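Q: Next comes the structure file entry.pdb, holding PDB, C-alpha atoms.
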```pdb
ATOM      1  CA  MET A   1     -71.020 -28.242 -24.270
ATOM      2  CA  PHE A   2     -70.309 -25.939 -21.351
ATOM      3  CA  GLU A   3     -72.706 -26.265 -18.441
ATOM      4  CA  CYS A   4     -73.141 -24.153 -15.299
ATOM      5  CA  LYS A   5     -70.986 -26.555 -13.323
ATOM      6  CA  ASP A   6     -68.089 -26.067 -15.761
ATOM      7  CA  VAL A   7     -68.458 -22.302 -15.463
ATOM      8  CA  ALA A   8     -68.210 -22.583 -11.669
ATOM      9  CA  GLU A   9     -65.005 -24.638 -12.050
ATOM     10  CA  GLU A  10     -63.370 -22.468 -14.701
ATOM     11  CA  ALA A  11     -64.506 -18.998 -13.611
ATOM     12  CA  SER A  12     -61.089 -17.787 -12.455
ATOM     13  CA  ASN A  13     -59.253 -19.155 -15.471
ATOM     14  CA  TYR A  14     -61.783 -17.418 -17.703
ATOM     15  CA  LEU A  15     -61.520 -14.089 -15.895
ATOM     16  CA  ASP A  16     -57.725 -14.258 -15.771
ATOM     17  CA  GLY A  17     -57.487 -15.107 -19.476
ATOM     18  CA  ASP A  18     -55.907 -18.486 -18.746
ATOM     19  CA  LEU A  19     -58.466 -20.598 -20.573
ATOM     20  CA  PRO A  20     -57.507 -22.233 -23.891
ATOM     21  CA  LEU A  21     -59.375 -20.830 -26.886
ATOM     22  CA  GLY A  22     -61.798 -23.743 -27.331
ATOM     23  CA  LYS A  23     -62.945 -23.630 -23.730
ATOM     24  CA  ARG A  24     -63.087 -19.842 -23.747
ATOM     25  CA  VAL A  25     -65.457 -19.873 -26.700
ATOM     26  CA  GLY A  26     -67.542 -22.652 -25.105
ATOM     27  CA  LEU A  27     -67.865 -20.736 -21.874
ATOM     28  CA  PHE A  28     -68.670 -17.511 -23.674
ATOM     29  CA  LEU A  29     -71.457 -19.179 -25.661
ATOM     30  CA  HIS A  30     -72.905 -20.593 -22.455
ATOM     31  CA  LEU A  31     -72.934 -17.100 -20.958
ATOM     32  CA  VAL A  32     -74.953 -15.809 -23.886
ATOM     33  CA  TYR A  33     -78.003 -17.784 -22.817
ATOM     34  CA  CYS A  34     -77.398 -18.293 -19.064
ATOM     35  CA  SER A  35     -78.106 -15.274 -16.875
ATOM     36  CA  CYS A  36     -77.257 -17.264 -13.711
ATOM     37  CA  CYS A  37     -73.710 -17.791 -14.860
ATOM     38  CA  ARG A  38     -73.371 -14.206 -16.025
ATOM     39  CA  ARG A  39     -74.373 -13.141 -12.521
ATOM     40  CA  TYR A  40     -72.037 -15.700 -10.958
ATOM     41  CA  LEU A  41     -69.049 -14.432 -12.951
ATOM     42  CA  GLN A  42     -69.932 -10.850 -12.117
ATOM     43  CA  GLN A  43     -70.024 -11.751  -8.418
ATOM     44  CA  ILE A  44     -66.624 -13.458  -8.625
ATOM     45  CA  ARG A  45     -65.318 -10.278 -10.258
ATOM     46  CA  GLN A  46     -66.770  -8.199  -7.425
ATOM     47  CA  THR A  47     -65.271 -10.566  -4.876
ATOM     48  CA  ILE A  48     -61.832 -10.012  -6.421
ATOM     49  CA  SER A  49     -62.219  -6.201  -6.458
ATOM     50  CA  THR A  50     -63.483  -6.195  -2.892
ATOM     51  CA  VAL A  51     -60.513  -8.192  -1.607
ATOM     52  CA  ASN A  52     -58.215  -5.940  -3.563
ATOM     53  CA  ILE A  53     -59.610  -2.873  -1.818
ATOM     54  CA  LEU A  54     -60.141  -4.390   1.629
ATOM     55  CA  ARG A  55     -56.672  -6.002   1.724
ATOM     56  CA  PRO A  56     -57.250  -8.370   4.647
ATOM     57  CA  GLN A  57     -54.074  -9.111   6.602
ATOM     58  CA  GLU A  58     -52.494 -12.189   8.109
ATOM     59  CA  GLN A  59     -53.182 -12.547  11.806
ATOM     60  CA  HIS A  60     -50.007 -12.247  13.858
ATOM     61  CA  ASP A  61     -48.743 -11.117  17.238
ATOM     62  CA  THR A  62     -45.617  -9.360  16.013
ATOM     63  CA  ASP A  63     -45.128  -5.830  17.280
ATOM     64  CA  THR A  64     -44.255  -4.349  13.896
ATOM     65  CA  GLN A  65     -43.063  -1.063  15.371
ATOM     66  CA  ALA A  66     -40.598  -2.857  17.624
ATOM     67  CA  LEU A  67     -39.456  -5.005  14.714
ATOM     68  CA  ALA A  68     -38.910  -1.914  12.565
ATOM     69  CA  GLU A  69     -36.800  -0.357  15.318
ATOM     70  CA  LYS A  70     -34.808  -3.562  15.790
ATOM     71  CA  LEU A  71     -34.065  -3.695  12.064
ATOM     72  CA  ARG A  72     -33.089  -0.034  12.032
ATOM     73  CA  MET A  73     -30.606  -0.621  14.841
ATOM     74  CA  LEU A  74     -29.271  -3.630  12.980
ATOM     75  CA  SER A  75     -28.797  -1.608   9.801
ATOM     76  CA  LYS A  76     -26.750   0.925  11.780
ATOM     77  CA  THR A  77     -24.374  -1.739  13.034
ATOM     78  CA  GLU A  78     -24.098  -3.163   9.530
ATOM     79  CA  SER A  79     -23.134   0.115   7.885
TER      80      SER A  79
ATOM     81  CA  MET B  80     -50.365   8.757   8.953
ATOM     82  CA  LYS B  81     -49.285  11.643   6.776
ATOM     83  CA  LYS B  82     -45.720  10.401   6.896
ATOM     84  CA  VAL B  83     -46.761   6.964   5.688
ATOM     85  CA  ALA B  84     -48.808   8.458   2.879
ATOM     86  CA  SER B  85     -45.854  10.483   1.699
ATOM     87  CA  LEU B  86     -43.571   7.443   1.899
ATOM     88  CA  ASN B  87     -46.094   5.591  -0.204
ATOM     89  CA  GLN B  88     -45.469   8.057  -2.994
ATOM     90  CA  LEU B  89     -41.703   7.783  -2.849
ATOM     91  CA  ASP B  90     -40.139   5.780  -5.613
ATOM     92  CA  GLU B  91     -38.477   2.631  -4.493
ATOM     93  CA  LYS B  92     -34.950   3.895  -4.938
ATOM     94  CA  ALA B  93     -35.637   6.852  -2.632
ATOM     95  CA  LEU B  94     -37.280   4.564  -0.089
ATOM     96  CA  ILE B  95     -34.272   2.259  -0.082
ATOM     97  CA  ASP B  96     -31.938   5.233   0.327
ATOM     98  CA  LYS B  97     -33.958   6.268   3.364
ATOM     99  CA  LEU B  98     -33.655   2.768   4.797
ATOM    100  CA  ILE B  99     -29.909   2.790   4.271
ATOM    101  CA  GLU B 100     -29.754   6.174   5.999
ATOM    102  CA  GLY B 101     -31.582   4.588   8.948
ATOM    103  CA  ASP B 102     -34.769   6.632   8.673
ATOM    104  CA  ALA B 103     -37.157   5.344  11.367
ATOM    105  CA  ALA B 104     -40.347   6.190   9.436
ATOM    106  CA  ALA B 105     -39.058   4.316   6.400
ATOM    107  CA  PHE B 106     -38.420   1.208   8.506
ATOM    108  CA  GLU B 107     -41.887   1.405  10.020
ATOM    109  CA  PHE B 108     -43.386   1.846   6.582
ATOM    110  CA  VAL B 109     -41.740  -1.186   4.986
ATOM    111  CA  VAL B 110     -42.369  -3.481   7.958
ATOM    112  CA  ASP B 111     -45.976  -2.374   8.070
ATOM    113  CA  ARG B 112     -46.374  -2.765   4.325
ATOM    114  CA  TYR B 113     -44.645  -6.111   3.775
ATOM    115  CA  HIS B 114     -44.658  -8.093   7.028
ATOM    116  CA  SER B 115     -48.105  -9.602   6.473
ATOM    117  CA  ILE B 116     -47.459 -10.784   2.930
ATOM    118  CA  MET B 117     -44.048 -12.235   3.907
ATOM    119  CA  LEU B 118     -45.811 -14.144   6.656
ATOM    120  CA  SER B 119     -48.367 -15.315   4.140
ATOM    121  CA  VAL B 120     -45.624 -16.775   1.945
ATOM    122  CA  ALA B 121     -43.765 -18.372   4.863
ATOM    123  CA  ARG B 122     -46.943 -19.968   6.203
ATOM    124  CA  ALA B 123     -47.782 -21.304   2.755
ATOM    125  CA  ILE B 124     -44.401 -22.988   2.467
ATOM    126  CA  ILE B 125     -43.640 -24.305   5.934
ATOM    127  CA  GLY B 126     -46.832 -23.881   7.892
ATOM    128  CA  GLU B 127     -47.589 -21.969  11.038
ATOM    129  CA  ALA B 128     -44.944 -23.329  13.412
ATOM    130  CA  PHE B 129     -41.801 -21.815  11.899
ATOM    131  CA  ALA B 130     -43.299 -19.014   9.823
ATOM    132  CA  ASP B 131     -42.673 -16.205  12.315
ATOM    133  CA  GLU B 132     -39.068 -17.195  12.744
ATOM    134  CA  VAL B 133     -38.510 -17.502   8.997
ATOM    135  CA  VAL B 134     -39.944 -14.027   8.434
ATOM    136  CA  GLN B 135     -37.841 -12.464  11.197
ATOM    137  CA  ASP B 136     -34.740 -14.086   9.667
ATOM    138  CA  ALA B 137     -35.787 -12.907   6.213
ATOM    139  CA  TRP B 138     -36.046  -9.320   7.482
ATOM    140  CA  VAL B 139     -32.594  -9.518   9.017
ATOM    141  CA  SER B 140     -31.069 -10.975   5.812
ATOM    142  CA  ALA B 141     -32.834  -8.357   3.721
ATOM    143  CA  ILE B 142     -31.662  -5.431   5.832
ATOM    144  CA  LYS B 143     -28.109  -6.732   5.776
ATOM    145  CA  ALA B 144     -28.238  -7.163   2.003
ATOM    146  CA  LEU B 145     -30.024  -3.879   1.353
ATOM    147  CA  PRO B 146     -26.933  -1.852   0.378
ATOM    148  CA  ARG B 147     -26.362  -4.429  -2.364
ATOM    149  CA  PHE B 148     -29.992  -4.383  -3.593
ATOM    150  CA  GLU B 149     -29.788  -3.742  -7.314
ATOM    151  CA  GLY B 150     -33.410  -3.082  -8.066
ATOM    152  CA  ARG B 151     -33.689  -5.772 -10.731
ATOM    153  CA  ALA B 152     -36.898  -6.926  -9.057
ATOM    154  CA  SER B 153     -39.239  -4.766  -7.016
ATOM    155  CA  LEU B 154     -38.506  -4.497  -3.296
ATOM    156  CA  LYS B 155     -41.653  -6.542  -2.652
ATOM    157  CA  THR B 156     -40.652  -9.412  -4.945
ATOM    158  CA  TRP B 157     -37.129  -9.341  -3.522
ATOM    159  CA  LEU B 158     -38.405  -9.573   0.064
ATOM    160  CA  LEU B 159     -40.763 -12.389  -0.877
ATOM    161  CA  GLN B 160     -37.973 -14.255  -2.626
ATOM    162  CA  ILE B 161     -35.754 -13.987   0.455
ATOM    163  CA  THR B 162     -38.651 -15.228   2.604
ATOM    164  CA  SER B 163     -39.352 -18.047   0.201
ATOM    165  CA  ASN B 164     -35.694 -19.124   0.088
ATOM    166  CA  GLY B 165     -35.501 -19.095   3.869
ATOM    167  CA  ALA B 166     -38.687 -21.112   4.213
ATOM    168  CA  LYS B 167     -37.554 -23.644   1.635
ATOM    169  CA  THR B 168     -34.173 -24.054   3.273
ATOM    170  CA  ARG B 169     -35.935 -24.638   6.552
ATOM    171  CA  LEU B 170     -38.147 -27.182   4.990
ATOM    172  CA  ARG B 171     -35.227 -28.834   3.213
ATOM    173  CA  ARG B 172     -35.929 -30.445  -0.049
ATOM    174  CA  GLU B 173     -39.420 -31.729  -0.453
ATOM    175  CA  SER B 174     -41.622 -32.067  -3.452
ATOM    176  CA  ARG B 175     -43.909 -29.048  -3.569
ATOM    177  CA  GLN B 176     -46.185 -30.513  -6.213
ATOM    178  CA  LEU B 177     -49.426 -30.539  -4.278
ATOM    179  CA  SER B 178     -52.007 -33.158  -4.734
ATOM    180  CA  LEU B 179     -55.120 -31.165  -5.485
ATOM    181  CA  ASP B 180     -57.155 -34.099  -6.666
ATOM    182  CA  ASP B 181     -59.165 -34.202  -3.490
ATOM    183  CA  GLY B 182     -62.718 -33.882  -4.713
ATOM    184  CA  TRP B 183     -62.895 -30.123  -4.185
ATOM    185  CA  GLN B 184     -65.775 -28.449  -6.018
ATOM    186  CA  ALA B 185     -66.402 -24.788  -6.713
ATOM    187  CA  GLU B 186     -70.071 -25.400  -5.979
ATOM    188  CA  PRO B 187     -71.538 -28.501  -4.329
ATOM    189  CA  ASP B 188     -73.156 -31.118  -6.580
ATOM    190  CA  TYR B 189     -76.642 -30.557  -5.233
ATOM    191  CA  LYS B 190     -76.727 -27.146  -6.870
ATOM    192  CA  PHE B 191     -76.723 -28.775 -10.334
ATOM    193  CA  ASP B 192     -78.942 -31.275 -12.104
ATOM    194  CA  GLN B 193     -77.598 -34.370 -13.846
ATOM    195  CA  ARG B 194     -76.724 -32.414 -16.936
ATOM    196  CA  GLY B 195     -74.759 -29.835 -14.956
ATOM    197  CA  HIS B 196     -77.393 -27.077 -15.137
ATOM    198  CA  ARG B 197     -77.981 -24.959 -12.071
ATOM    199  CA  ILE B 198     -81.137 -25.986 -10.260
ATOM    200  CA  ASP B 199     -81.664 -22.674  -8.469
ATOM    201  CA  ASP B 200     -80.981 -19.154  -9.629
ATOM    202  CA  VAL B 201     -77.804 -17.382  -8.630
ATOM    203  CA  LEU B 202     -79.477 -14.631  -6.652
ATOM    204  CA  PRO B 203     -78.476 -11.060  -7.282
ATOM    205  CA  TRP B 204     -76.650  -9.436  -4.391
ATOM    206  CA  ASN B 205     -78.402  -6.623  -2.554
ATOM    207  CA  ILE B 206     -75.067  -5.004  -1.966
ATOM    208  CA  ASP B 207     -73.454  -5.230  -5.320
ATOM    209  CA  THR B 208     -70.476  -2.962  -5.718
ATOM    210  CA  PRO B 209     -67.103  -3.366  -4.017
ATOM    211  CA  ASP B 210     -67.486   0.029  -2.347
ATOM    212  CA  ALA B 211     -70.933  -0.806  -1.000
ATOM    213  CA  LEU B 212     -69.683  -4.196   0.137
ATOM    214  CA  LEU B 213     -66.937  -2.503   2.085
ATOM    215  CA  GLU B 214     -69.178   0.087   3.671
ATOM    216  CA  ASN B 215     -70.958  -2.720   5.472
ATOM    217  CA  GLU B 216     -68.918  -3.334   8.633
ATOM    218  CA  GLN B 217     -70.392  -6.772   9.296
ATOM    219  CA  LEU B 218     -69.589  -7.881   5.794
ATOM    220  CA  ARG B 219     -66.024  -6.608   6.094
ATOM    221  CA  GLN B 220     -65.688  -8.797   9.160
ATOM    222  CA  VAL B 221     -67.102 -11.777   7.279
ATOM    223  CA  ILE B 222     -64.572 -11.302   4.466
ATOM    224  CA  GLU B 223     -61.632 -10.843   6.848
ATOM    225  CA  THR B 224     -62.570 -13.903   8.877
ATOM    226  CA  THR B 225     -62.989 -16.024   5.757
ATOM    227  CA  TYR B 226     -59.622 -14.821   4.476
ATOM    228  CA  GLN B 227     -57.906 -15.725   7.734
ATOM    229  CA  LYS B 228     -59.481 -19.167   7.741
ATOM    230  CA  LEU B 229     -58.322 -20.019   4.217
ATOM    231  CA  PRO B 230     -55.639 -22.689   4.014
ATOM    232  CA  PRO B 231     -52.232 -20.907   4.020
ATOM    233  CA  GLN B 232     -51.400 -21.751   0.413
ATOM    234  CA  GLN B 233     -54.698 -20.385  -0.857
ATOM    235  CA  ARG B 234     -54.222 -17.270   1.249
ATOM    236  CA  ALA B 235     -50.718 -16.706  -0.078
ATOM    237  CA  VAL B 236     -51.716 -17.095  -3.737
ATOM    238  CA  LEU B 237     -54.772 -14.864  -3.293
ATOM    239  CA  THR B 238     -52.702 -12.218  -1.508
ATOM    240  CA  MET B 239     -50.009 -12.143  -4.149
ATOM    241  CA  ALA B 240     -52.371 -12.340  -7.151
ATOM    242  CA  ASP B 241     -55.408 -10.305  -6.181
ATOM    243  CA  MET B 242     -54.012  -7.890  -3.605
ATOM    244  CA  GLU B 243     -50.398  -7.386  -4.645
ATOM    245  CA  GLY B 244     -50.802  -7.900  -8.388
ATOM    246  CA  LEU B 245     -47.865 -10.275  -8.800
ATOM    247  CA  GLU B 246     -47.556 -12.214 -12.055
ATOM    248  CA  MET B 247     -48.505 -15.897 -11.925
ATOM    249  CA  LYS B 248     -44.933 -16.749 -12.918
ATOM    250  CA  GLU B 249     -43.540 -14.901  -9.898
ATOM    251  CA  ILE B 250     -46.058 -16.518  -7.572
ATOM    252  CA  CYS B 251     -45.152 -20.010  -8.814
ATOM    253  CA  ASN B 252     -41.505 -19.184  -8.368
ATOM    254  CA  ILE B 253     -41.926 -17.869  -4.825
ATOM    255  CA  LEU B 254     -44.079 -20.766  -3.652
ATOM    256  CA  ASP B 255     -42.335 -23.329  -5.842
ATOM    257  CA  ILE B 256     -45.561 -24.728  -7.228
ATOM    258  CA  SER B 257     -46.787 -25.353 -10.766
ATOM    259  CA  ALA B 258     -48.959 -22.852 -12.632
ATOM    260  CA  SER B 259     -51.900 -25.235 -12.615
ATOM    261  CA  ASN B 260     -51.614 -25.677  -8.837
ATOM    262  CA  ALA B 261     -51.471 -21.919  -8.379
ATOM    263  CA  ARG B 262     -54.536 -21.349 -10.538
ATOM    264  CA  VAL B 263     -56.516 -23.978  -8.648
ATOM    265  CA  LEU B 264     -55.502 -22.482  -5.277
ATOM    266  CA  LEU B 265     -56.470 -19.004  -6.463
ATOM    267  CA  HIS B 266     -59.875 -20.149  -7.674
ATOM    268  CA  ARG B 267     -60.567 -22.004  -4.426
ATOM    269  CA  ALA B 268     -59.697 -18.940  -2.386
ATOM    270  CA  ARG B 269     -61.910 -16.663  -4.491
ATOM    271  CA  THR B 270     -64.732 -19.186  -4.364
ATOM    272  CA  ALA B 271     -64.533 -19.424  -0.571
ATOM    273  CA  LEU B 272     -64.787 -15.638  -0.315
ATOM    274  CA  HIS B 273     -67.632 -15.559  -2.814
ATOM    275  CA  HIS B 274     -69.501 -18.169  -0.756
ATOM    276  CA  SER B 275     -69.082 -16.152   2.410
ATOM    277  CA  ILE B 276     -70.389 -12.968   0.772
ATOM    278  CA  GLU B 277     -73.250 -14.902  -0.824
ATOM    279  CA  LYS B 278     -74.197 -16.485   2.492
ATOM    280  CA  TYR B 279     -74.143 -13.108   4.191
ATOM    281  CA  GLN B 280     -76.352 -11.557   1.505
ATOM    282  CA  GLU B 281     -78.862 -14.375   1.796
ATOM    283  CA  SER B 282     -79.090 -14.119   5.573
TER     284      SER B 282
END
```
The structure in this file should be written as structure tokens.

A:
Amino acid sequence: MFECKDVAEEASNYLDGDLPLGKRVGLFLHLVYCSCCRRYLQQIRQTISTVNILRPQEQHDTDTQALAEKLRMLSKTES
Amino acid sequence: MKKVASLNQLDEKALIDKLIEGDAAAFEFVVDRYHSIMLSVARAIIGEAFADEVVQDAWVSAIKALPRFEGRASLKTWLLQITSNGAKTRLRRESRQLSLDDGWQAEPDYKFDQRGHRIDDVLPWNIDTPDALLENEQLRQVIETTYQKLPPQQRAVLTMADMEGLEMKEICNILDISASNARVLLHRARTALHHSIEKYQES
């Protein structure tokens, strides 16, 4: 039997289609009667879409413009 | 800005031609577009200390090899592979099979009863579409801060899977980890972000 705790553990695998058939069916049946878990999965989905749109970046101190120029100069000497 | 937008629409072959020609805007575009994700991969493999250096070296190797780029993989995957190879060389040989059996839980135990049922409701979010989430400046900050605080391996998998759309197989290859490790890292990263949004909505 799938319980809420299992849904919390397997949410990503379920959404990404990486769950074996037996577990997928078990989780799906749990969702039929559990509105909490339906909401939870929906929120994980929204989290993924939000990150996809927001595209947070690594923190770094590199001056990317200077790096681009350095690489351009390098490519000139290479060619 | 307009220049970058138009470069965005170029196909990869044309972009590479521009790089080979030495087009300054093209160089700025690719560095701007790929530097962060290359850093993400390097940090995931060798940690913070050498990541910057590995990425700088990867850029230099990539630019030197560019005229021989055959386009079998996308430019992004190619750059990440060069970064990954550099990081792994730096690290020398080491088993990358991570031990993930560390008691991590998607949700803490106290949220469930003995049978694994949730004790409290999962509350609906007041702000409940990605667009609305992003319109809220404070919440954007919360998400960015949470992202930056994720362990480097989680951040790298999340970046490649959910932001860059790489296949799991490619991600495992780049980070040299198993598919099950990658899936666990991805779920932990998503869960951490979900928690931060949930906490914000409740406050």

Q: Which residue out of B:Ala105, B:Ala240, B:Ala123, B:Ile161 has the minimum interatomic distance to Ala141 in chain B when all atoms listed in the file are used?

A: B:Ile161

Q: Return as a count of residues only the set of residues that the ChimeraX specification (/B :<8) & /A yields on the displayed structure.

A: 41

Q: What's the separation between CA of Leu159 in chain B and CA of Val120 in chain B, in Å to one decimal place?

A: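 So the answer is 7.1 Å.
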
Q: As an exercise, work out the distance from CA of Ala137 in chain B to CA of Ser257 in chain B in Å and give it to one decimal place.

A: 23.8 Å

Q: State, in Å with one decimal place, the distance from CA of Tyr279 in chain B to CA of Glu216 in chain B.

A: 11.9 Å

Q: Write out as AutoDock Vina command-line options an axis-aligned box for range 15-28 of chain A: all of its atoms listed in the file, 4 Å added on each side, centre and edge lengths in Å with one decimal.

A:
```
--center_x -62.3 --center_y -18.9 --center_z -21.6 --size_x 20.8 --size_y 17.7 --size_z 19.6
```

Q: Need the shell around Arg24 in chain A: protein/DNA/RNA residues with any atom at most 10 Å away, counting all atoms listed in the file. Skip same-chain ones fewer than 6 positions apart. Format as a PDB file with C-alpha atoms, keeping the file's coordinate frame?

A:
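Listed below is the output, part-v4.pdb:
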```pdb
ATOM      1  CA  PHE A   2     -70.309 -25.939 -21.351  1.00  0.00           C
ATOM      2  CA  GLU A  10     -63.370 -22.468 -14.701  1.00  0.00           C
ATOM      3  CA  ASN A  13     -59.253 -19.155 -15.471  1.00  0.00           C
ATOM      4  CA  TYR A  14     -61.783 -17.418 -17.703  1.00  0.00           C
ATOM      5  CA  LEU A  15     -61.520 -14.089 -15.895  1.00  0.00           C
ATOM      6  CA  GLY A  17     -57.487 -15.107 -19.476  1.00  0.00           C
ATOM      7  CA  ASP A  18     -55.907 -18.486 -18.746  1.00  0.00           C
ATOM      8  CA  HIS A  30     -72.905 -20.593 -22.455  1.00  0.00           C
TER       9      HIS A  30
END
```

Q: Would you mind telling me which residue in A:Asp16, A:Gly22, A:His60, A:Val7 lies nearest to Leu41 in chain A when using only C-alpha atoms?

A: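 Ranking A:Asp16, A:Gly22, A:His60, A:Val7 by distance to Leu41 in chain A, first place goes to A:Val7.
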
Q: Please write as a list in words the full residue list that the PyMOL selection byres ((chain B and resi 149-154) around 10) yields on this file.

A: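 Given this file, the PyMOL selection byres ((chain B and resi 149-154) around 10) evaluates to Glu91, Lys92, Leu94, Ile95, Val109, Tyr113, Ala141, Leu145, Pro146, Arg147, Phe148, Lys155, Thr156, Trp157, Leu158, Leu159 and Gln160 of chain B.
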